[in-house]
Amino acid sequence: MPQTTRHKLPNGLTVILKEVHSAPIISWWVGYKVGSRNEPTGKTGISHWVEHMMFKGTERFPAGALDREIDRAGGTWNAFTFMDYTMYFETLPADKIDIAMEAEADRMANAIFDPDETESERTVIISERQGLENQPTFWLAEEVRGAAFRVHGYHHEIIGDETDLRAMTRDDLYEHYRRHYCPANAVAVAVGAFDSADMLSKIESFYGSIEARGAPELFARQEPSQQGERRVWVERPGKTAFYEICHRIPNAAHEDWVKLKVLDNALSGSGGASDNKTSRLYQALVKTEIAAGVGAMIVPTIDPYLYSIIVTLRDERSPAEAEEVLLREIARLQEHGISGEELSKARKQAQAAFAYSTESVTEQAYWLAQSFVLDKEDWFDGYLDRLTRVSADDVLDVAERYLVPKNRVVGILQPTDPATERE
Amino acid sequence: MSSYAASIPNEGNINRVEFDNGLVLLVYENRAVQSVNITASLHAGSIYEPPERSGLASLLSSALLTGTRQRDFDQIHASLESIGAELSMRGHIHKLGLFGKALAEDLRPLLETANEALRYPTFPAEHFERLRGERLTWLQYSSFDTRYRAGKAMRQALYPASHPYHYGTYGDETTIAAITKADLSDFHASHVGPDGMIMVLVGNVDTEDALRMIRETLGDWRNPEQSEVARADFPDAPIATERQTVFVPGKTQCDISMGALGPARAAMDYLAAQIANSVLGEFGMMGRIGKSVREEQGLAYYAYSHLGGGHGPDPWIVSAGVNPDNVEKAIDSILSQIEQLVSEPVSDQDLADNQSYFTGRLPLRLESNEGISSQIHAMESYNLGLNYLAEYKDMIYQISKDDVLKAAQRYLDPKNMVIAVAGPEPDSSGS
């Protein structure tokens, strides 16, 4: 496997490079260590809105110019905001990558935030939120997070609260941008068909002159420990009920995170390269016709977050039935752990998923950028090794320590009578 | 990098073999990866099902992996999941699609499972009922999804009830409830067979090894009952604007789906129509529609157009998600962009931009095994010829502004479109 190299420019920009010569393509990522986690009340959704404004132009590249330029080059570009970070990326034919590098350097320092564009984008973002609200599960997710995090910034949705989206000003957005978008708070990653020495010298020429500022102090509030199980109940018009059970788990850099990842593989089977039909929860909930589907989410985060399992109930089955089965499966896991067969399946699936992911330079670059923002440099290159070292005893240990009522948040989405519907 | 141009899949490096049972195998060796990918299709889509059994082909595709003469449900899935492999089947309108992926060392068990599932399914009763229940739950959930409802209303208005495209591949609550296990067995016997089957293997695989494995698995498959290939007619285009409104309680946003009859993938003017579509609602972050509806007026989070292609006649669709107060404004803006597209040629700049866009993106589309196998499958399935990708650049650059205008005029007419809107009732608070 080609070596990954890491560098730091004098202005504080971290650079990660990995040569991959299987296709004449390069993926270029710039990530900033700021996300919805760093937003105080009244400014929820500001990181995501700033991300939108980054597409609204600089003096050098007016709004829309790069959309055309990158499409014309046969490339693709986009951005997304997560709880812990904001990422921008372009994947282009290798001989066209300069435009991406220049564009990201330019908008790191020179985005305009035109007042008219800001107002136009306000309605676009509110429309994005309303589109999410059309999904009943969005309301459930929002309530569960709100219940799980009373103090920490993980408590609100990345899109933000509508009241804040209506109240924030252009100057609020610009201030957020100026504070967080600087080399010392950013990582630049290139994966693809290049020579590392040439690439580094190009990066120095595009990014070296950007003003050095100290890394910003990030707004972050620590969540106090939970004192008992929490429950939320959501009602929306519809016909389908959902049951969600979450347990507070440590951050990605913690040694227990990867053990919980193996635990999840046995329990829900989610997130691997394969289907999950042999997983314990599929067998206990879907095969028994209580649920139409079951999935889980365990995402790497900077601060402790949630391991969440969500069940889509079949008609005439109740959330209480799902809960009974889930708690029974958790108890079984805490009593007996997982089998050797389950452990080797988790390893093989991770190995396959890793092999599949390395087929895409874009995916590899994302992993590497993520490793920087998670403060875990070997997140990508060391992932398989860490996962392979997890033992059945480790899984039993984390099941006993984390999947406990005191750590638990439960959410139920109960559909209400949709009789008013008409065409 | 100079070797890349030569490695674009073409008739020189794709190994195409026709088996005597009608199966066409295409193998492309990609030694840069550790995995192998299968993309296959058979003539067993929803076009073959009667309207009162809508959803049958799709249900069948899921049921194929619930039990075979050799193995039960748990054994099948344990064999796949224990090696990190993926195998799925999906019912489309014309075809039953099969998709598989595994580490290269595990190609044989993946092929053996696919072979068993296609040839020897037993449709165990308990799994059939479970699948039916899951499908009904999905349909109930989707009935409250404004995007799904707008798309469905548009499709049903654009295609008459006598046309197979009128019906969704997933069926509805009535038809799914009526399907029996015997329906599955009959449909399987009549339509699932090797004649006309296309299988593409891409990855770290030796062609001779792949050939041998296919010979030893699917090579002796015969289905004398397999029916003739069906085609879908080109229905009459709308002769007036037809509005469909669907009210869904508890929603805050409306979804708009506007449709016209588009070209089939194999149509002579497909590429010209594709450029017209890109100018309208794709290029440079959703084309002219994105610029007008999203960027300039801030009316929507998403607004774009899409050309279905396929075996045809798939729809040419414009979709947008907007606040209920902005529905008419957004529709008017979209119609005026369509009016401009069919009234005047695109600019020299538009044409040049899009020619560069479509040809420049080829390396990205061919980056992964999945991308390569999808492209090879399309070349075979739509009879484009295996040198299609190699000749693609020339074909795109031969398209003129007049070709683009003619394609737009042939398929789009802003005065004769189906416009469906799904969302909250007027004056509904959405809560």
# chains A, B, ... in the order shown; residues from 1 in each chain; ligands from 1
>>> residues_around(residues="stretch 399-406 of chain B", least_positions_apart="3", cutoff="8 Å", atoms="only C-alpha atoms", output="count of residues only")
18
>>> residues_around(residues="B:Phe358", least_positions_apart="6", cutoff="10 Å", atoms="only C-alpha atoms", output="PDB file with N, CA and C atoms, in the first residue's frame")
ATOM      1  N   ASP A  71     -17.116  21.621 -13.618  1.00  0.00           N
ATOM      2  CA  ASP A  71     -17.864  20.739 -14.523  1.00  0.00           C
ATOM      3  C   ASP A  71     -17.179  20.665 -15.884  1.00  0.00           C
ATOM      4  N   ARG A  72     -16.733  21.838 -16.354  1.00  0.00           N
ATOM      5  CA  ARG A  72     -16.063  21.868 -17.666  1.00  0.00           C
ATOM      6  C   ARG A  72     -14.814  20.981 -17.651  1.00  0.00           C
ATOM      7  N   ALA A  73     -14.161  20.914 -16.511  1.00  0.00           N
ATOM      8  CA  ALA A  73     -12.949  20.092 -16.404  1.00  0.00           C
ATOM      9  C   ALA A  73     -13.278  18.611 -16.216  1.00  0.00           C
ATOM     10  N   GLY A  74     -14.567  18.301 -16.175  1.00  0.00           N
ATOM     11  CA  GLY A  74     -14.958  16.901 -15.985  1.00  0.00           C
ATOM     12  C   GLY A  74     -14.836  16.451 -14.539  1.00  0.00           C
ATOM     13  N   GLY A  75     -14.888  17.407 -13.630  1.00  0.00           N
ATOM     14  CA  GLY A  75     -14.723  17.052 -12.227  1.00  0.00           C
ATOM     15  C   GLY A  75     -16.029  17.047 -11.466  1.00  0.00           C
TER      16      GLY A  75
ATOM     17  N   LEU B 271     -27.769  11.450 -26.948  1.00  0.00           N
ATOM     18  CA  LEU B 271     -26.667  12.278 -26.442  1.00  0.00           C
ATOM     19  C   LEU B 271     -26.972  13.767 -26.588  1.00  0.00           C
ATOM     20  N   GLN B 274     -29.236  14.585 -23.905  1.00  0.00           N
ATOM     21  CA  GLN B 274     -28.509  14.612 -22.642  1.00  0.00           C
ATOM     22  C   GLN B 274     -27.819  15.978 -22.449  1.00  0.00           C
ATOM     23  N   ILE B 275     -27.291  16.512 -23.533  1.00  0.00           N
ATOM     24  CA  ILE B 275     -26.674  17.846 -23.427  1.00  0.00           C
ATOM     25  C   ILE B 275     -27.753  18.899 -23.154  1.00  0.00           C
ATOM     26  N   SER B 278     -28.609  18.717 -19.594  1.00  0.00           N
ATOM     27  CA  SER B 278     -27.557  19.255 -18.739  1.00  0.00           C
ATOM     28  C   SER B 278     -27.621  20.784 -18.706  1.00  0.00           C
ATOM     29  N   PHE B 283     -25.738  21.051 -15.513  1.00  0.00           N
ATOM     30  CA  PHE B 283     -24.381  21.601 -15.586  1.00  0.00           C
ATOM     31  C   PHE B 283     -24.201  22.801 -14.639  1.00  0.00           C
ATOM     32  N   TYR B 392     -16.603   7.771 -27.653  1.00  0.00           N
ATOM     33  CA  TYR B 392     -17.540   8.688 -26.998  1.00  0.00           C
ATOM     34  C   TYR B 392     -17.170  10.156 -27.226  1.00  0.00           C
ATOM     35  N   LYS B 393     -15.895  10.449 -27.074  1.00  0.00           N
ATOM     36  CA  LYS B 393     -15.454  11.838 -27.197  1.00  0.00           C
ATOM     37  C   LYS B 393     -15.803  12.394 -28.580  1.00  0.00           C
ATOM     38  N   ILE B 396     -19.551  13.046 -28.913  1.00  0.00           N
ATOM     39  CA  ILE B 396     -20.010  14.242 -28.189  1.00  0.00           C
ATOM     40  C   ILE B 396     -19.619  15.512 -28.968  1.00  0.00           C
ATOM     41  N   TYR B 397     -18.422  15.510 -29.502  1.00  0.00           N
ATOM     42  CA  TYR B 397     -17.972  16.720 -30.208  1.00  0.00           C
ATOM     43  C   TYR B 397     -18.602  16.873 -31.598  1.00  0.00           C
TER      44      TYR B 397
END
>>> residues_around(residues="B:Val205", least_positions_apart="3", cutoff="8 Å", atoms="only C-alpha atoms", output="number ranges by chain")
B: 29-31, 36, 104, 202, 209-210
>>> atom_distance(atom1="atom CA of A:Trp28", atom2="atom CA of A:Phe80")
14.2 Å
>>> select_by_dssp(residues="stretch 192-236 of chain A", states="helix (DSSP H, G or I)", output="JSON, numbers by chain")
{"A": [196, 197, 198, 199, 200, 201, 202, 203, 204, 205, 206, 207]}
>>> residues_around(residues="B:Asp233", least_positions_apart="4", cutoff="10 Å", atoms="only C-alpha atoms", output="list in words")
His163, Pro164, Tyr165, Gly312 and Pro313 of chain B
>>> write_last_selection(atoms="C-alpha atoms", output="CSV table (one decimal), in the first residue's frame")
chain,number,residue,atom,x,y,z
B,163,HIS,CA,-48.7,1.2,-20.4
B,164,PRO,CA,-46.2,-0.7,-18.1
B,165,TYR,CA,-44.5,2.5,-17.0
B,312,GLY,CA,-37.4,3.7,-22.9
B,313,PRO,CA,-39.6,5.6,-23.1
>>> residues_around(residues="B:Pro109", least_positions_apart="6", cutoff="10 Å", atoms="only C-alpha atoms", output="list in words")
Ser79, Leu80, Ile83, Ala85, Ala102, Asn115 and Met213 of chain B
>>> atom_distance(atom1="atom CA of B:Glu105", atom2="atom CA of B:Leu42")
25.7 Å
>>> interface_residues(of="chain B", to="chain A", cutoff="6 Å", atoms="only C-alpha atoms", output="VMD selection string")
chain B and resid 32 81 to 86 134 137 141 246 to 253 284 to 285 298 300 to 301 353 356 to 357 360 to 361 368
>>> write_last_selection(atoms="C-alpha atoms", output="compact mmCIF listing (two decimals), in the first residue's frame")
# COMPACT_ATOMS: atom_id res chain seq x y z
CA ALA B 32 -5.20 -2.32 -9.55
CA GLU B 81 -21.57 -12.23 5.15
CA SER B 82 -18.77 -14.41 6.51
CA ILE B 83 -16.60 -13.40 3.55
CA GLY B 84 -17.64 -9.74 3.47
CA ALA B 85 -19.39 -10.25 0.15
CA GLU B 86 -22.48 -8.52 -1.14
CA GLU B 134 -41.84 -5.47 4.81
CA THR B 137 -44.60 -1.22 5.57
CA TYR B 141 -44.27 4.88 4.86
CA VAL B 246 -51.66 15.41 -3.74
CA PHE B 247 -52.26 16.62 -0.19
CA VAL B 248 -50.23 14.88 2.50
CA PRO B 249 -50.91 15.88 6.11
CA GLY B 250 -48.20 17.03 8.48
CA LYS B 251 -45.78 18.36 5.88
CA THR B 252 -44.02 21.71 5.66
CA GLN B 253 -42.63 21.53 2.13
CA GLY B 284 -22.72 24.02 -13.16
CA MET B 285 -24.81 23.06 -10.10
CA GLY B 298 -33.71 31.27 -3.38
CA ALA B 300 -35.68 25.80 -3.31
CA TYR B 301 -32.97 23.66 -1.77
CA ASP B 353 -18.95 23.68 -21.69
CA SER B 356 -16.06 19.32 -22.12
CA TYR B 357 -18.14 18.24 -19.11
CA GLY B 360 -13.90 15.15 -19.18
CA ARG B 361 -15.88 13.17 -16.63
CA SER B 368 -14.04 2.01 -9.60
>>> residues_around(residues="B:Ser46", least_positions_apart="6", cutoff="12 Å", atoms="only C-alpha atoms", output="PDB file with N, CA and C atoms, in the first residue's frame")
ATOM      1  N   GLU B  52     -52.651  -6.193 -12.171  1.00  0.00           N
ATOM      2  CA  GLU B  52     -53.222  -6.602 -10.885  1.00  0.00           C
ATOM      3  C   GLU B  52     -52.204  -7.348 -10.012  1.00  0.00           C
ATOM      4  N   ARG B  53     -51.030  -7.593 -10.558  1.00  0.00           N
ATOM      5  CA  ARG B  53     -49.950  -8.192  -9.761  1.00  0.00           C
ATOM      6  C   ARG B  53     -48.737  -7.244  -9.739  1.00  0.00           C
ATOM      7  N   SER B  54     -49.016  -5.957  -9.842  1.00  0.00           N
ATOM      8  CA  SER B  54     -47.925  -4.974  -9.842  1.00  0.00           C
ATOM      9  C   SER B  54     -47.040  -5.164  -8.604  1.00  0.00           C
ATOM     10  N   GLY B  55     -45.747  -5.218  -8.808  1.00  0.00           N
ATOM     11  CA  GLY B  55     -44.809  -5.451  -7.701  1.00  0.00           C
ATOM     12  C   GLY B  55     -44.282  -6.879  -7.654  1.00  0.00           C
ATOM     13  N   LEU B  56     -44.861  -7.741  -8.526  1.00  0.00           N
ATOM     14  CA  LEU B  56     -44.497  -9.164  -8.509  1.00  0.00           C
ATOM     15  C   LEU B  56     -43.013  -9.383  -8.837  1.00  0.00           C
ATOM     16  N   ALA B  57     -42.524  -8.759  -9.906  1.00  0.00           N
ATOM     17  CA  ALA B  57     -41.127  -8.972 -10.310  1.00  0.00           C
ATOM     18  C   ALA B  57     -40.170  -8.489  -9.223  1.00  0.00           C
ATOM     19  N   SER B  58     -40.534  -7.379  -8.616  1.00  0.00           N
ATOM     20  CA  SER B  58     -39.676  -6.832  -7.569  1.00  0.00           C
ATOM     21  C   SER B  58     -39.675  -7.731  -6.328  1.00  0.00           C
ATOM     22  N   LEU B  59     -40.856  -8.226  -5.965  1.00  0.00           N
ATOM     23  CA  LEU B  59     -40.947  -9.130  -4.819  1.00  0.00           C
ATOM     24  C   LEU B  59     -40.161 -10.420  -5.102  1.00  0.00           C
ATOM     25  N   LEU B  60     -40.268 -10.888  -6.343  1.00  0.00           N
ATOM     26  CA  LEU B  60     -39.521 -12.079  -6.739  1.00  0.00           C
ATOM     27  C   LEU B  60     -38.013 -11.852  -6.557  1.00  0.00           C
ATOM     28  N   SER B  61     -37.557 -10.673  -6.979  1.00  0.00           N
ATOM     29  CA  SER B  61     -36.113 -10.417  -6.910  1.00  0.00           C
ATOM     30  C   SER B  61     -35.629 -10.524  -5.462  1.00  0.00           C
ATOM     31  N   ARG B  90     -32.522  -6.880  -7.819  1.00  0.00           N
ATOM     32  CA  ARG B  90     -33.483  -5.778  -7.819  1.00  0.00           C
ATOM     33  C   ARG B  90     -34.335  -5.846  -9.069  1.00  0.00           C
ATOM     34  N   GLY B  91     -35.632  -5.682  -8.902  1.00  0.00           N
ATOM     35  CA  GLY B  91     -36.541  -5.692 -10.044  1.00  0.00           C
ATOM     36  C   GLY B  91     -36.674  -4.315 -10.644  1.00  0.00           C
ATOM     37  N   HIS B  92     -36.288  -4.162 -11.882  1.00  0.00           N
ATOM     38  CA  HIS B  92     -36.475  -2.897 -12.595  1.00  0.00           C
ATOM     39  C   HIS B  92     -37.656  -3.078 -13.559  1.00  0.00           C
ATOM     40  N   ILE B  93     -37.904  -2.083 -14.400  1.00  0.00           N
ATOM     41  CA  ILE B  93     -39.061  -2.201 -15.302  1.00  0.00           C
ATOM     42  C   ILE B  93     -38.816  -3.293 -16.355  1.00  0.00           C
ATOM     43  N   HIS B  94     -37.676  -3.240 -17.024  1.00  0.00           N
ATOM     44  CA  HIS B  94     -37.414  -4.230 -18.073  1.00  0.00           C
ATOM     45  C   HIS B  94     -36.661  -5.445 -17.567  1.00  0.00           C
ATOM     46  N   LYS B  95     -35.803  -5.228 -16.601  1.00  0.00           N
ATOM     47  CA  LYS B  95     -34.872  -6.292 -16.231  1.00  0.00           C
ATOM     48  C   LYS B  95     -34.864  -6.581 -14.736  1.00  0.00           C
ATOM     49  N   LEU B  96     -34.431  -7.782 -14.443  1.00  0.00           N
ATOM     50  CA  LEU B  96     -34.058  -8.144 -13.075  1.00  0.00           C
ATOM     51  C   LEU B  96     -32.560  -7.891 -12.990  1.00  0.00           C
ATOM     52  N   GLY B  97     -32.144  -7.040 -12.076  1.00  0.00           N
ATOM     53  CA  GLY B  97     -30.729  -6.704 -11.954  1.00  0.00           C
ATOM     54  C   GLY B  97     -30.086  -7.488 -10.835  1.00  0.00           C
ATOM     55  N   HIS B 163     -50.117   1.197 -20.147  1.00  0.00           N
ATOM     56  CA  HIS B 163     -48.667   1.191 -20.385  1.00  0.00           C
ATOM     57  C   HIS B 163     -47.932   0.690 -19.145  1.00  0.00           C
ATOM     58  N   PRO B 164     -46.901  -0.158 -19.321  1.00  0.00           N
ATOM     59  CA  PRO B 164     -46.217  -0.704 -18.140  1.00  0.00           C
ATOM     60  C   PRO B 164     -45.548   0.358 -17.262  1.00  0.00           C
ATOM     61  N   TYR B 165     -45.198   1.509 -17.835  1.00  0.00           N
ATOM     62  CA  TYR B 165     -44.530   2.542 -17.036  1.00  0.00           C
ATOM     63  C   TYR B 165     -45.506   3.277 -16.116  1.00  0.00           C
ATOM     64  N   HIS B 166     -46.803   3.027 -16.306  1.00  0.00           N
ATOM     65  CA  HIS B 166     -47.805   3.638 -15.428  1.00  0.00           C
ATOM     66  C   HIS B 166     -47.620   3.132 -13.988  1.00  0.00           C
ATOM     67  N   TYR B 167     -47.091   1.913 -13.879  1.00  0.00           N
ATOM     68  CA  TYR B 167     -47.031   1.253 -12.575  1.00  0.00           C
ATOM     69  C   TYR B 167     -45.613   1.315 -11.998  1.00  0.00           C
ATOM     70  N   GLY B 168     -45.517   1.524 -10.709  1.00  0.00           N
ATOM     71  CA  GLY B 168     -44.205   1.490 -10.066  1.00  0.00           C
ATOM     72  C   GLY B 168     -43.736   0.057  -9.937  1.00  0.00           C
ATOM     73  N   THR B 169     -42.457  -0.162  -9.872  1.00  0.00           N
ATOM     74  CA  THR B 169     -41.956  -1.531  -9.753  1.00  0.00           C
ATOM     75  C   THR B 169     -42.289  -2.135  -8.387  1.00  0.00           C
ATOM     76  N   TYR B 170     -42.574  -1.290  -7.386  1.00  0.00           N
ATOM     77  CA  TYR B 170     -42.831  -1.800  -6.039  1.00  0.00           C
ATOM     78  C   TYR B 170     -44.295  -2.170  -5.804  1.00  0.00           C
ATOM     79  N   GLY B 171     -45.183  -1.903  -6.769  1.00  0.00           N
ATOM     80  CA  GLY B 171     -46.586  -2.238  -6.592  1.00  0.00           C
ATOM     81  C   GLY B 171     -47.294  -1.312  -5.632  1.00  0.00           C
ATOM     82  N   PHE B 187     -43.916 -16.894 -12.295  1.00  0.00           N
ATOM     83  CA  PHE B 187     -43.150 -15.809 -12.921  1.00  0.00           C
ATOM     84  C   PHE B 187     -41.693 -16.236 -13.108  1.00  0.00           C
ATOM     85  N   HIS B 191     -39.998 -16.395 -16.847  1.00  0.00           N
ATOM     86  CA  HIS B 191     -39.172 -15.240 -17.231  1.00  0.00           C
ATOM     87  C   HIS B 191     -37.715 -15.292 -16.799  1.00  0.00           C
ATOM     88  N   ALA B 230     -40.013  -8.550 -24.088  1.00  0.00           N
ATOM     89  CA  ALA B 230     -41.089  -7.565 -24.288  1.00  0.00           C
ATOM     90  C   ALA B 230     -40.506  -6.165 -24.442  1.00  0.00           C
ATOM     91  N   ARG B 231     -41.180  -5.346 -25.195  1.00  0.00           N
ATOM     92  CA  ARG B 231     -40.775  -3.941 -25.367  1.00  0.00           C
ATOM     93  C   ARG B 231     -41.926  -3.043 -24.903  1.00  0.00           C
ATOM     94  N   ALA B 232     -41.583  -1.817 -24.575  1.00  0.00           N
ATOM     95  CA  ALA B 232     -42.636  -0.851 -24.198  1.00  0.00           C
ATOM     96  C   ALA B 232     -42.850   0.111 -25.353  1.00  0.00           C
TER      97      ALA B 232
END
>>> closest_residue(among="A:Gln364, A:Thr14, A:Thr86, A:Ser209", to="A:Ala184", atoms="only C-alpha atoms")
A:Thr14
>>> atom_distance(atom1="atom CA of B:Arg108", atom2="atom CA of B:Glu225")
27.9 Å
>>> residues_around(residues="B:Arg222", least_positions_apart="4", cutoff="7 Å", atoms="only C-alpha atoms", output="list in words")
Asn21, Gly193 and Pro194 of chain B
>>> write_last_selection(atoms="N, CA and C atoms", output="compact mmCIF listing (two decimals), in the first residue's frame")
# COMPACT_ATOMS: atom_id res chain seq x y z
N ASN B 21 -26.33 -21.10 -24.12
CA ASN B 21 -27.66 -20.94 -23.52
C ASN B 21 -28.17 -19.50 -23.61
N GLY B 193 -34.39 -16.74 -16.89
CA GLY B 193 -33.64 -17.71 -17.66
C GLY B 193 -32.40 -17.08 -18.25
N PRO B 194 -31.52 -17.91 -18.82
CA PRO B 194 -30.23 -17.39 -19.29
C PRO B 194 -30.29 -16.68 -20.65
>>> closest_residue(among="B:Gly310, B:Gly203, B:Asp183, B:Ile239", to="B:Tyr270", atoms="only C-alpha atoms")
B:Gly310
>>> closest_residue(among="A:Pro319, A:Gly146, A:Pro300, A:Pro405", to="A:Lys261", atoms="only C-alpha atoms")
A:Pro300
>>> decode(residues="stretch 102-113 of chain B", atoms="N, CA and C atoms", output="short mmCIF file (atom, residue, chain, number, x, y, z; two decimals), in the first residue's frame")
data_model
loop_
_atom_site.label_atom_id
_atom_site.label_comp_id
_atom_site.auth_asym_id
_atom_site.auth_seq_id
_atom_site.Cartn_x
_atom_site.Cartn_y
_atom_site.Cartn_z
N ALA B 102 -17.13 -8.89 -4.06
CA ALA B 102 -16.39 -9.70 -3.08
C ALA B 102 -14.91 -9.44 -3.26
N LEU B 103 -14.13 -9.86 -2.29
CA LEU B 103 -12.69 -9.88 -2.49
C LEU B 103 -12.42 -10.86 -3.64
N ALA B 104 -11.38 -10.61 -4.43
CA ALA B 104 -11.16 -11.41 -5.63
C ALA B 104 -11.06 -12.90 -5.31
N GLU B 105 -10.48 -13.23 -4.16
CA GLU B 105 -10.31 -14.65 -3.79
C GLU B 105 -11.66 -15.34 -3.55
N ASP B 106 -12.72 -14.55 -3.38
CA ASP B 106 -14.03 -15.13 -3.05
C ASP B 106 -15.02 -15.08 -4.21
N LEU B 107 -14.53 -14.93 -5.43
CA LEU B 107 -15.45 -14.86 -6.57
C LEU B 107 -16.25 -16.15 -6.73
N ARG B 108 -15.59 -17.29 -6.55
CA ARG B 108 -16.31 -18.55 -6.78
C ARG B 108 -17.52 -18.71 -5.86
N PRO B 109 -17.36 -18.58 -4.52
CA PRO B 109 -18.57 -18.71 -3.68
C PRO B 109 -19.64 -17.68 -4.02
N LEU B 110 -19.23 -16.51 -4.45
CA LEU B 110 -20.23 -15.50 -4.82
C LEU B 110 -21.02 -15.96 -6.04
N LEU B 111 -20.31 -16.49 -7.04
CA LEU B 111 -20.98 -16.97 -8.25
C LEU B 111 -21.86 -18.19 -7.96
N GLU B 112 -21.38 -19.05 -7.08
CA GLU B 112 -22.18 -20.24 -6.75
C GLU B 112 -23.50 -19.85 -6.08
N THR B 113 -23.44 -18.85 -5.21
CA THR B 113 -24.68 -18.41 -4.56
C THR B 113 -25.61 -17.74 -5.56
#
